[in-house]
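Novice: Sharing a structure, written as structure tokens. Questions coming.
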Amino acid sequence: MSLQILEGLAPLADRYDGYVLDLWGVVHDGRALYPGVAEALRQLRARGKRIVFLTNAPRRAWFIRSTLDRMGLDAALYDGIISSGEVSWRWLKERPSPWFARLGPRAFHIGPERDLSVAEEDAATIVAEPEGADFLLNTGPDPDRGSHAVDGYVPMLERCFRAGLPMLCVNPDRAVMVGGERLICAGALADIYLGWGGDVLEVGKPDPAVYGPVMEMLGLDDRTRVLAVGDTPHTDLAGAKAAGMDSLWALTGLTAHQYGDAPDPALLAARAEEEGVAPLAALRSLRW
């Protein structure tokens with residue numbers, strides 16, 4: 001058994017009304033758009049398709065939009081952005097579940113300063129030491145402790161754990177490709193905390209709850225008419241399945257890093273089965 005590999009979106013385009021696209025590893029590599037992406041989006045828009053970017057990035061949508069602007073992506077080519085950071089910010093403001101309702105306002109932050117849009121507008125008050133916090137806001141690696149390994153984070157995570165802080169993990173990804181380099185994400189730090197028995201809530205794919213805001217932004221009701229595209233089976237493809245959407249497995253980003261430029265279709269099929277996902281096909285890259 002093997003997984004069909006499509007060279008572009010054209011063969012499937014008219015089957016769907018909406019598209020949910022991952023960003024890092026699908027639309028861009030963290031530094032620049034992949035070749036052919038803008039043209040693929042233009043072709044979809046010309047056919048009246050709705051397009052929303054769904055990313056596990058731990059920053060608010062306005063911040064991510066500014067990044068796409070700098071990359072030269074025309075904002076007219078998509079309808080909106082839903083990020084883990086945006087959803088986390090909303091839930092910190094609204095406290096929609098018992099887990100959020102029991103959080104106090106004070107957060108100790110692990111992550112770069114650019115991620116603090118998640119706490120803006122009084123969503124959380126950042127404090128300097130974990131012993132004075134109500135919860136741990138984990139947005140991923142920071143410049144001081146590095147982006148390649150988790151070892152430098154263990155001492156501070158231990159302090160947070162001893163202080164009894166629940167962890168809000170604002171990016172369930174364990175790794176991401178940036179300009180061809182594999183970097184750790186907040187999910188890798190969450191794994192350490194979970195291993196100690198820590199209380200962790202991860203916001204983002206594959207949790208089907210994040211797809212509600214996506215459907216609202218698409219303005220569509222029928223999830224069977226929506227196609228998701230992502231490079232990570234554990235988050236993108238599993239999330240699409242949990243949300244009742246079809247999916248394509250993009251062979252860029254983390255998949256290209258793991259399997260190379262010409263992955264074996266049988267190996268891809270075996271990996272999909274192992275992950276419990278069933279993408280319609282693999283996609284060489286996001287192009288028409």
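Going by the structure tokens order, chains are called A, B, ..., each with residues numbered from 1, while ligands are numbered from 1 in the order shown.
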Using only C-alpha atoms, which residues sit within 8 Å of Gly25 (chain A) once same-chain residues fewer than 6 positions away are excluded, as a list in words?
Specialist: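 In the requested format, the answer is Val176, Met177, Gly230, Asp231, Thr252, Gly253 and Leu254 of chain A.
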Novice: Report the residues of region 98-259 of chain A whose backbone DSSP state falls under strand (DSSP E or B), written as a PyMOL selection string.
Specialist: chain A and resi 106-110+125-127+135-138+167-169+175-178+181-184+200-202+226-230+246-250
Novice: List the neighbours of region 123-136 of chain A out to 7 Å using only C-alpha atoms; skip same-chain residues closer than 2 positions along the sequence, and give me the result as a ChimeraX atom specification.
Specialist: /A:89,92-93,103-109,119-121,138,159-160,163,165-168
Novice: What's around region 33-35 of chain A at 8 Å? Count only C-alpha atoms, leave out sequence neighbours fewer than 5 positions away in its own chain, and write the answer as a ChimeraX atom specification.
Specialist: /A:26-28,71,73,286-287
Novice: Determine the nearest neighbour of Leu41 (chain A) from the options A:Pro141, A:Pro155, A:Gly8, A:Gly164, counting only C-alpha atoms.
Specialist: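 Under the stated criterion, the closest residue is A:Gly8.
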Novice: Let's see if you can do this: from backbone DSSP, list all helix (DSSP H, G or I) residues in region 27-266 of chain A, as a ChimeraX atom specification.
Specialist: /A:37-46,61-71,75-77,84-94,98-101,113-119,130-132,151-162,186-195,208-218,223-225,233-243,253-259,265-266
Novice: Give me the residues within 12 Å of Thr67 (chain A) as number ranges by chain, counting only C-alpha atoms and dropping any in the same chain fewer than 3 places off.
Specialist: A: 23-24, 28, 30-33, 57, 59-64, 70-75, 81, 114
Novice: Output C-alpha atoms for every residue in the selection just made, as a PDB file, in the first residue's frame.
Specialist:
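Written file, out-v1.pdb:
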ATOM      1  CA  LEU A  23       1.924  28.104   7.727  1.00  0.00           C
ATOM      2  CA  TRP A  24       5.368  26.992   8.913  1.00  0.00           C
ATOM      3  CA  HIS A  28       6.785  29.327   4.218  1.00  0.00           C
ATOM      4  CA  GLY A  30      10.066  30.539   8.601  1.00  0.00           C
ATOM      5  CA  ARG A  31      11.968  33.043   6.510  1.00  0.00           C
ATOM      6  CA  ALA A  32      10.479  33.076   3.007  1.00  0.00           C
ATOM      7  CA  LEU A  33       7.467  31.819   1.072  1.00  0.00           C
ATOM      8  CA  ALA A  57       2.468  29.620  16.362  1.00  0.00           C
ATOM      9  CA  ARG A  59       1.649  34.591  18.780  1.00  0.00           C
ATOM     10  CA  ARG A  60      -1.511  36.514  18.035  1.00  0.00           C
ATOM     11  CA  ALA A  61      -2.913  36.732  14.519  1.00  0.00           C
ATOM     12  CA  TRP A  62      -1.996  40.405  14.054  1.00  0.00           C
ATOM     13  CA  PHE A  63       1.667  39.583  14.697  1.00  0.00           C
ATOM     14  CA  ILE A  64       1.641  36.695  12.224  1.00  0.00           C
ATOM     15  CA  ARG A  70       7.074  41.270   5.272  1.00  0.00           C
ATOM     16  CA  MET A  71       7.389  38.051   3.269  1.00  0.00           C
ATOM     17  CA  GLY A  72       5.401  39.703   0.490  1.00  0.00           C
ATOM     18  CA  LEU A  73       2.205  37.659   0.722  1.00  0.00           C
ATOM     19  CA  ASP A  74      -0.778  39.705  -0.449  1.00  0.00           C
ATOM     20  CA  ALA A  75      -3.412  39.790   2.329  1.00  0.00           C
ATOM     21  CA  ILE A  81      -5.423  33.607  10.487  1.00  0.00           C
ATOM     22  CA  ARG A 114       7.873  38.609  20.870  1.00  0.00           C
TER      23      ARG A 114
END
Novice: Choose the residue, out of A:Glu86, A:Asp17, A:Glu94, A:Asp261, that has the smallest atom-to-atom separation from Asp221 (chain A); count only C-alpha atoms.
Specialist: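 Using only C-alpha atoms, the shortest distance to Asp221 (chain A) belongs to A:Asp17.
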Novice: Give the answer as one residue: which of A:Gly179, A:Pro279, A:Gly204, A:Pro233 has the shortest atom-to-atom distance to Ser247 (chain A), using only C-alpha atoms?
Specialist: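 Going through A:Gly179, A:Pro279, A:Gly204, A:Pro233 one by one, the smallest distance to Ser247 (chain A) is for A:Pro279.
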Novice: Of the residues A:Leu248, A:Leu44, A:Ala256, A:Ala270, which is the one nearest to Ile5 (chain A), using only C-alpha atoms?
Specialist: A:Leu248
Novice: Show me, as a ChimeraX atom specification, the residues that have an atom within 7 Å of Asp173 (chain A) when counting only C-alpha atoms, minus same-chain residues fewer than 5 positions from it.
Specialist: /A:56,185-187
Novice: Take CA of Leu157 (chain A) and CA of Ile192 (chain A) and report the distance between them in Å, one decimal.
Specialist: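 Atom-to-atom, CA of Leu157 (chain A) to CA of Ile192 (chain A), that is 8.2 Å.
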Novice: CA of Ser83 (chain A) to CA of Met156 (chain A): how many Å, to one decimal?
Specialist: 26.2 Å
